[in-house]
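One structure is given below, encoded as structure tokens.
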Amino acid sequence: MSSPPLLALRDAHVSFGGRPLFTGVSMQVGRGEKCCLVGRNGSGKSTLLKVLAGELQLDEGEHFRQPGSKLALLAQDPRLDGATIADWVAGGLPEDERDQRHRVDSLLDSFQVDGSQRPEHLSGGQARRAALARALVGEPDILLMDEPTNHLDLPTILELERLLINFRGALVVISHDRAFLTNVSRQTLWLDRGIVRRSEQGFKNFETWQDEVYNAEEAEQARMDKKLEAETHWLHRGVTARRKRNMGRLRALMALRADKAGKIKVQGSVKLGADAGEQSGKMVVEVRNLSKSFGDLVVARDFSTRIVRGDRVGIIGPNGAGKTTLIKLLTGALEPDSGTVRLGTNLQIALVDQQRTQLDPEATVWSTLTDGAGDSITVRGVQRHVMGYLRDFLFEDRQAQSPVRSLSGGERNRLLLAKLLAKPSNLLILDEPTNDLDMDTLDLLEETLADYDGTLLVVSHDRDFLDRLVTSVIFVEGDGRLEEYVGGYSDALRQRGADSVAAAPKAAAAKSAAAAPRAPKAMTKLSYKDQRELDELPKKMEKLAAEIAAIEAKLADPAFYNRDPDGFAKQSARLTEAQAEYERAEERWLELEMLKEQVTQG
């Protein structure tokens, strides 16, 4: 970097309970850099952020912060105090700027928080927005943020993206929200097995970079004729294999969306023809002309939909617009004011609520899964040992007898998902399931849900998660307006046109719309360039697949390395390149196929 760093670590060491968390970490962040900090749950991302903030001391090494620079830290679970929210937010101002309360009022207005409220009266989403205001109000030179999008609705996330894109200081952010990181980050810091790697590209290119690192490690170990380290092998093969399996699931998802398109029109109206001969149990929920209000608050007005077995429906909208109420209406827990809700036969409903209230904090992880009896668990009719099942959800053996209260937010989320996914159900309702999860766990969750043979209702503000999982999206827009669209979040934006964001009430609506991406103009067919690329990609993929198979056959020869070390190295390097080229081609082919499907339907 041309200018001196604002924040840096050199040869930093941190241990917890005698176990090294970081060993010899060196890194620096300069003005204007926007770094995402990624890594698995438990790798120490939050700890590293606190070290950078100066809240935790190093065991060894040096911590540097440019003299006179202002730093703000948004913790994952900030503690709010003070007489009012405005007073607490004003605590983020430097001492000599405490009189500039207009900055407090402006940010609270941007995030739609009433500054006169007492901190203890705020909901989780309001508390998070107040914490964002406190972090930003002092106009820091260095901004450190730990899961800033947790508990936020989409309009607020878009407003935050706009503020961070225009932020001129140094930013280091931890988040599970892939779309948020893609839009905000320009550099990537990867905390992996106790070291920090740096890429000068943002999160958009992280998965390709991650595969390149793992491939290079395995090739180096093979050249040295050493046995592969078990952890490296699991990391590489586990992540890469899962990503390849997800390509197959993405093809299946496209087929499901095409089937769903035959059931609903673009604007969400349902083809509710007579279907008396439909197989018993096929229909899960049928809604006709549903309306519901509470006084002046209208949740739904004349909404109709049909959800059949195997559908995966995403529900998105501003906080307070009525998403939870809609779930209760769809499942029969709440009666509509008018219209009908007809439920299918033999429904077995499982619910993952946002507060994770089904977990006993004093129970152990083991007893939570087994209900305190024995050492096995029945997973949808199949008997599994509890330890093997825990490993499926990325728990370590030592955690089995730990109390639930000792787990992180992401680990509690994983445990609840493991418990509920084991039980027989044919309708699974997930309320913000991605909160506090790392990227590997999100991949695991997507894989598990893709294989779920029942019906899903998913409330989420995670755009990437919805794009990868659901067959349709219901936008709960407030004032009784509900619209259903085929596909994921990005598909819904294209179908909605200029009105592309579920807007928050009042002032936040205009700000959020300004931050929303513009929808492309309507098309009736692919461009010549895209169609030509789509026609050529299968040939390219076939050629690359043949080359990969040939190289792997060569490398499998145990005498190859001894006979020609340089040739072995070149072939290993080419294998890595060819595999990356194949994955890029396959992803591009899927993008173009989905685009072709969308413009044809449009």
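Residues are referred to by chain and number: the chain letter is A, B, ... according to the order shown in the structure tokens, the number counts from 1 in that chain, and ligands are numbered separately from 1 in the order shown.
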
Region 344-417 of chain A residues near region 73-88 of chain A within 12 Å, closest pair each, using only C-alpha atoms, as JSON lines:
```
{"residue": "A:Ser408", "atom": "CA", "partner": "A:Gln76", "partner_atom": "CA", "distance": 10.8}
{"residue": "A:Gly409", "atom": "CA", "partner": "A:Gln76", "partner_atom": "CA", "distance": 9.6}
{"residue": "A:Gly410", "atom": "CA", "partner": "A:Gln76", "partner_atom": "CA", "distance": 11.4}
```

Practice item. Tell me, as a PyMOL selection string, which residues lie within 9 Å of Leu132 (chain A), counting only C-alpha atoms; anything in the same chain fewer than 4 positions away does not count. Key: chain A and resi 74+89+107+111+127-128+136-137+145+148+160

Would you output that residue set with C-alpha atoms, as an mmCIF file, in the first residue's frame?
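As a result, part_37.cif now contains:
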```
data_model
loop_
_atom_site.group_PDB
_atom_site.id
_atom_site.type_symbol
_atom_site.label_atom_id
_atom_site.label_comp_id
_atom_site.auth_asym_id
_atom_site.auth_seq_id
_atom_site.Cartn_x
_atom_site.Cartn_y
_atom_site.Cartn_z
ATOM 1 C CA LEU A 74 -19.810 -2.694 16.258
ATOM 2 C CA VAL A 89 -25.868 6.829 20.440
ATOM 3 C CA LEU A 107 -28.566 8.698 11.741
ATOM 4 C CA PHE A 111 -32.280 3.836 10.517
ATOM 5 C CA ALA A 127 -31.270 -2.397 18.942
ATOM 6 C CA ARG A 128 -29.082 -3.384 15.976
ATOM 7 C CA LEU A 136 -21.197 5.631 12.523
ATOM 8 C CA VAL A 137 -22.051 8.837 14.394
ATOM 9 C CA MET A 145 -18.198 -4.461 12.285
ATOM 10 C CA PRO A 148 -23.890 -5.898 11.159
ATOM 11 C CA LEU A 160 -26.275 0.263 5.354
#
```

Exercise for review: Measure the distance from CA of Ala133 (chain A) to CA of Leu56 (chain A) in Å and round it to one decimal.
Suggested key: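 A separation of 23.7 Å between them.
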
**Study point:** Which of A:Leu369, A:Tyr561, A:Arg19, A:Asp375 sits closest to Arg414 (chain A) [using only C-alpha atoms]
**Key:**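 Once distances to Arg414 (chain A) are computed over only C-alpha atoms, the minimum belongs to A:Leu369.
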
Check your understanding: Using the chain letters and numbers from this document, which residues of region 417-489 of chain A does DSSP assign to strand (DSSP E or B), as an MDAnalysis selection string?
Key -> chainID A and resid 427:431 455:459 472:476 482:486

Please produce a file of those selected residues containing all heavy atoms, as a compact mmCIF listing (two decimals), in the first residue's frame.
```
# COMPACT_ATOMS: atom_id res chain seq x y z
N LEU A 427 -43.60 -30.15 6.76
CA LEU A 427 -43.65 -28.70 6.56
C LEU A 427 -42.69 -28.07 7.55
O LEU A 427 -42.91 -28.11 8.76
CB LEU A 427 -45.07 -28.16 6.76
CG LEU A 427 -45.22 -26.63 6.67
CD1 LEU A 427 -44.73 -26.11 5.33
CD2 LEU A 427 -46.68 -26.22 6.90
N LEU A 428 -41.61 -27.51 7.04
CA LEU A 428 -40.56 -26.93 7.88
C LEU A 428 -40.60 -25.42 7.72
O LEU A 428 -40.53 -24.89 6.61
CB LEU A 428 -39.19 -27.47 7.45
CG LEU A 428 -37.97 -27.03 8.25
CD1 LEU A 428 -38.10 -27.42 9.71
CD2 LEU A 428 -36.71 -27.65 7.65
N ILE A 429 -40.72 -24.71 8.86
CA ILE A 429 -40.78 -23.25 8.87
C ILE A 429 -39.52 -22.72 9.52
O ILE A 429 -39.23 -23.04 10.68
CB ILE A 429 -42.03 -22.76 9.62
CG1 ILE A 429 -43.29 -23.32 8.96
CG2 ILE A 429 -42.07 -21.23 9.64
CD1 ILE A 429 -44.54 -23.09 9.77
N LEU A 430 -38.76 -21.91 8.79
CA LEU A 430 -37.48 -21.38 9.27
C LEU A 430 -37.57 -19.86 9.34
O LEU A 430 -37.80 -19.20 8.33
CB LEU A 430 -36.35 -21.79 8.33
CG LEU A 430 -36.18 -23.29 8.06
CD1 LEU A 430 -35.12 -23.52 6.99
CD2 LEU A 430 -35.82 -24.03 9.33
N ASP A 431 -37.36 -19.30 10.53
CA ASP A 431 -37.40 -17.86 10.73
C ASP A 431 -35.97 -17.36 10.90
O ASP A 431 -35.34 -17.61 11.92
CB ASP A 431 -38.24 -17.52 11.97
CG ASP A 431 -38.55 -16.03 12.07
OD1 ASP A 431 -38.02 -15.26 11.25
OD2 ASP A 431 -39.31 -15.64 12.97
N THR A 455 -41.95 -29.58 2.50
CA THR A 455 -42.21 -28.22 2.02
C THR A 455 -41.56 -27.23 2.98
O THR A 455 -41.58 -27.44 4.20
CB THR A 455 -43.73 -27.98 1.95
OG1 THR A 455 -44.31 -28.99 1.11
CG2 THR A 455 -44.04 -26.60 1.39
N LEU A 456 -40.99 -26.17 2.44
CA LEU A 456 -40.28 -25.17 3.24
C LEU A 456 -40.97 -23.82 3.16
O LEU A 456 -41.36 -23.37 2.07
CB LEU A 456 -38.84 -24.99 2.75
CG LEU A 456 -37.87 -26.16 2.89
CD1 LEU A 456 -36.54 -25.79 2.24
CD2 LEU A 456 -37.65 -26.51 4.35
N LEU A 457 -41.10 -23.14 4.31
CA LEU A 457 -41.44 -21.72 4.37
C LEU A 457 -40.28 -21.05 5.08
O LEU A 457 -39.98 -21.38 6.24
CB LEU A 457 -42.74 -21.49 5.15
CG LEU A 457 -44.02 -22.09 4.57
CD1 LEU A 457 -45.21 -21.76 5.47
CD2 LEU A 457 -44.29 -21.56 3.16
N VAL A 458 -39.61 -20.12 4.40
CA VAL A 458 -38.38 -19.53 4.93
C VAL A 458 -38.52 -18.02 5.00
O VAL A 458 -38.69 -17.35 3.96
CB VAL A 458 -37.17 -19.88 4.03
CG1 VAL A 458 -35.89 -19.33 4.64
CG2 VAL A 458 -37.06 -21.38 3.83
N VAL A 459 -38.47 -17.47 6.21
CA VAL A 459 -38.42 -16.03 6.40
C VAL A 459 -36.94 -15.64 6.46
O VAL A 459 -36.20 -16.12 7.32
CB VAL A 459 -39.13 -15.59 7.70
CG1 VAL A 459 -39.02 -14.08 7.87
CG2 VAL A 459 -40.58 -16.03 7.67
N SER A 472 -40.03 -19.86 -4.99
CA SER A 472 -40.78 -18.61 -5.16
C SER A 472 -40.58 -17.73 -3.94
O SER A 472 -40.16 -18.21 -2.88
CB SER A 472 -42.28 -18.88 -5.38
OG SER A 472 -42.87 -19.43 -4.22
N VAL A 473 -40.86 -16.44 -4.11
CA VAL A 473 -40.68 -15.46 -3.04
C VAL A 473 -41.98 -14.67 -2.88
O VAL A 473 -42.55 -14.20 -3.86
CB VAL A 473 -39.53 -14.48 -3.36
CG1 VAL A 473 -39.44 -13.38 -2.30
CG2 VAL A 473 -38.20 -15.21 -3.45
N ILE A 474 -42.43 -14.55 -1.63
CA ILE A 474 -43.57 -13.68 -1.32
C ILE A 474 -43.02 -12.41 -0.67
O ILE A 474 -42.37 -12.47 0.37
CB ILE A 474 -44.56 -14.36 -0.36
CG1 ILE A 474 -45.17 -15.60 -1.00
CG2 ILE A 474 -45.67 -13.37 0.04
CD1 ILE A 474 -46.08 -16.39 -0.07
N PHE A 475 -43.25 -11.27 -1.32
CA PHE A 475 -42.87 -9.98 -0.75
C PHE A 475 -44.03 -9.47 0.11
O PHE A 475 -45.13 -9.28 -0.39
CB PHE A 475 -42.57 -8.96 -1.86
CG PHE A 475 -41.16 -9.00 -2.35
CD1 PHE A 475 -40.73 -10.00 -3.20
CD2 PHE A 475 -40.25 -8.02 -1.96
CE1 PHE A 475 -39.43 -10.04 -3.66
CE2 PHE A 475 -38.95 -8.05 -2.42
CZ PHE A 475 -38.54 -9.06 -3.27
N VAL A 476 -43.75 -9.27 1.40
CA VAL A 476 -44.72 -8.67 2.32
C VAL A 476 -44.37 -7.19 2.39
O VAL A 476 -43.41 -6.79 3.05
CB VAL A 476 -44.66 -9.33 3.71
CG1 VAL A 476 -45.73 -8.74 4.63
CG2 VAL A 476 -44.83 -10.84 3.60
N LEU A 482 -49.26 -8.09 -0.71
CA LEU A 482 -48.44 -9.30 -0.79
C LEU A 482 -48.37 -9.71 -2.25
O LEU A 482 -49.40 -9.82 -2.92
CB LEU A 482 -49.04 -10.44 0.04
CG LEU A 482 -48.86 -10.39 1.56
CD1 LEU A 482 -49.81 -9.40 2.19
CD2 LEU A 482 -49.07 -11.77 2.17
N GLU A 483 -47.15 -9.95 -2.74
CA GLU A 483 -46.96 -10.37 -4.13
C GLU A 483 -46.02 -11.58 -4.16
O GLU A 483 -45.02 -11.61 -3.45
CB GLU A 483 -46.35 -9.24 -4.97
CG GLU A 483 -47.20 -7.98 -5.06
CD GLU A 483 -48.41 -8.15 -5.96
OE1 GLU A 483 -48.46 -9.18 -6.67
OE2 GLU A 483 -49.28 -7.26 -5.96
N GLU A 484 -46.36 -12.56 -4.99
CA GLU A 484 -45.53 -13.75 -5.10
C GLU A 484 -44.88 -13.80 -6.49
O GLU A 484 -45.52 -13.51 -7.50
CB GLU A 484 -46.35 -15.02 -4.87
CG GLU A 484 -45.49 -16.28 -4.85
CD GLU A 484 -46.26 -17.51 -4.41
OE1 GLU A 484 -47.50 -17.44 -4.31
OE2 GLU A 484 -45.61 -18.55 -4.19
N TYR A 485 -43.59 -14.19 -6.51
CA TYR A 485 -42.82 -14.25 -7.76
C TYR A 485 -42.10 -15.59 -7.85
O TYR A 485 -41.60 -16.11 -6.85
CB TYR A 485 -41.78 -13.12 -7.81
CG TYR A 485 -42.38 -11.74 -7.69
CD1 TYR A 485 -42.56 -11.16 -6.45
CD2 TYR A 485 -42.76 -11.02 -8.82
CE1 TYR A 485 -43.12 -9.88 -6.32
CE2 TYR A 485 -43.32 -9.75 -8.71
CZ TYR A 485 -43.49 -9.20 -7.45
OH TYR A 485 -44.04 -7.94 -7.34
N VAL A 486 -42.00 -16.11 -9.06
CA VAL A 486 -41.26 -17.35 -9.29
C VAL A 486 -39.77 -17.09 -9.16
O VAL A 486 -39.26 -16.07 -9.60
CB VAL A 486 -41.56 -17.91 -10.69
CG1 VAL A 486 -40.69 -19.14 -10.98
CG2 VAL A 486 -43.03 -18.28 -10.80
```

Extract, using only C-alpha atoms, all DNA, RNA and protein residues at most 8 Å from Ser460 (chain A), discarding same-chain residues fewer than 5 positions from it, and format them as a tab-separated table (two decimals) with all heavy atoms, in the first residue's frame.
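result_25.tsv, freshly written:
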```tsv
chain	number	residue	atom	x	y	z
A	314	GLY	N	-39.89	-18.51	-0.05
A	314	GLY	CA	-39.22	-17.49	0.75
A	314	GLY	C	-40.18	-16.35	1.05
A	314	GLY	O	-41.02	-15.99	0.23
A	315	ILE	N	-40.07	-15.80	2.25
A	315	ILE	CA	-40.92	-14.67	2.66
A	315	ILE	C	-40.00	-13.54	3.09
A	315	ILE	O	-39.12	-13.73	3.94
A	315	ILE	CB	-41.86	-15.07	3.82
A	315	ILE	CG1	-42.77	-16.20	3.38
A	315	ILE	CG2	-42.68	-13.87	4.30
A	315	ILE	CD1	-43.65	-16.76	4.48
A	316	ILE	N	-40.19	-12.37	2.47
A	316	ILE	CA	-39.27	-11.26	2.70
A	316	ILE	C	-40.07	-9.97	2.82
A	316	ILE	O	-41.15	-9.84	2.23
A	316	ILE	CB	-38.24	-11.16	1.56
A	316	ILE	CG1	-37.08	-10.25	1.92
A	316	ILE	CG2	-38.88	-10.73	0.24
A	316	ILE	CD1	-35.91	-10.35	0.97
A	431	ASP	N	-37.36	-19.30	10.53
A	431	ASP	CA	-37.40	-17.86	10.73
A	431	ASP	C	-35.97	-17.36	10.90
A	431	ASP	O	-35.34	-17.61	11.92
A	431	ASP	CB	-38.24	-17.52	11.97
A	431	ASP	CG	-38.55	-16.03	12.07
A	431	ASP	OD1	-38.02	-15.26	11.25
A	431	ASP	OD2	-39.31	-15.64	12.97
A	432	GLU	N	-35.45	-16.69	9.89
A	432	GLU	CA	-34.07	-16.17	9.87
A	432	GLU	C	-33.06	-17.27	10.23
A	432	GLU	O	-32.30	-17.15	11.18
A	432	GLU	CB	-33.93	-14.98	10.82
A	432	GLU	CG	-34.66	-13.74	10.37
A	432	GLU	CD	-34.09	-13.14	9.09
A	432	GLU	OE1	-33.01	-13.57	8.64
A	432	GLU	OE2	-34.73	-12.24	8.52
A	433	PRO	N	-33.02	-18.37	9.47
A	433	PRO	CA	-32.13	-19.48	9.83
A	433	PRO	C	-30.65	-19.18	9.63
A	433	PRO	O	-29.81	-19.90	10.16
A	433	PRO	CB	-32.59	-20.59	8.88
A	433	PRO	CG	-33.11	-19.86	7.67
A	433	PRO	CD	-33.78	-18.63	8.23
A	434	THR	N	-30.29	-18.14	8.85
A	434	THR	CA	-28.89	-17.92	8.52
A	434	THR	C	-28.15	-17.04	9.52
A	434	THR	O	-26.94	-16.87	9.42
A	434	THR	CB	-28.75	-17.28	7.12
A	434	THR	OG1	-29.30	-15.95	7.14
A	434	THR	CG2	-29.46	-18.10	6.08
A	466	LEU	N	-31.70	-17.01	-0.38
A	466	LEU	CA	-32.97	-17.19	-1.09
A	466	LEU	C	-32.73	-17.54	-2.55
A	466	LEU	O	-33.43	-18.39	-3.13
A	466	LEU	CB	-33.82	-15.93	-0.99
A	466	LEU	CG	-34.34	-15.57	0.41
A	466	LEU	CD1	-35.05	-14.22	0.39
A	466	LEU	CD2	-35.27	-16.65	0.95
```

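Checking A:Lys419, A:Arg391, A:Arg342, A:Arg198 one by one against Thr368 (chain A), counting only C-alpha atoms, you find the shortest gap at A:Lys419.
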
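Distances here use only C-alpha atoms; by that measure, the residue among A:Thr345, A:Ser15, A:Asn150, A:Ser106 closest to Val51 (chain A) is A:Ser15.
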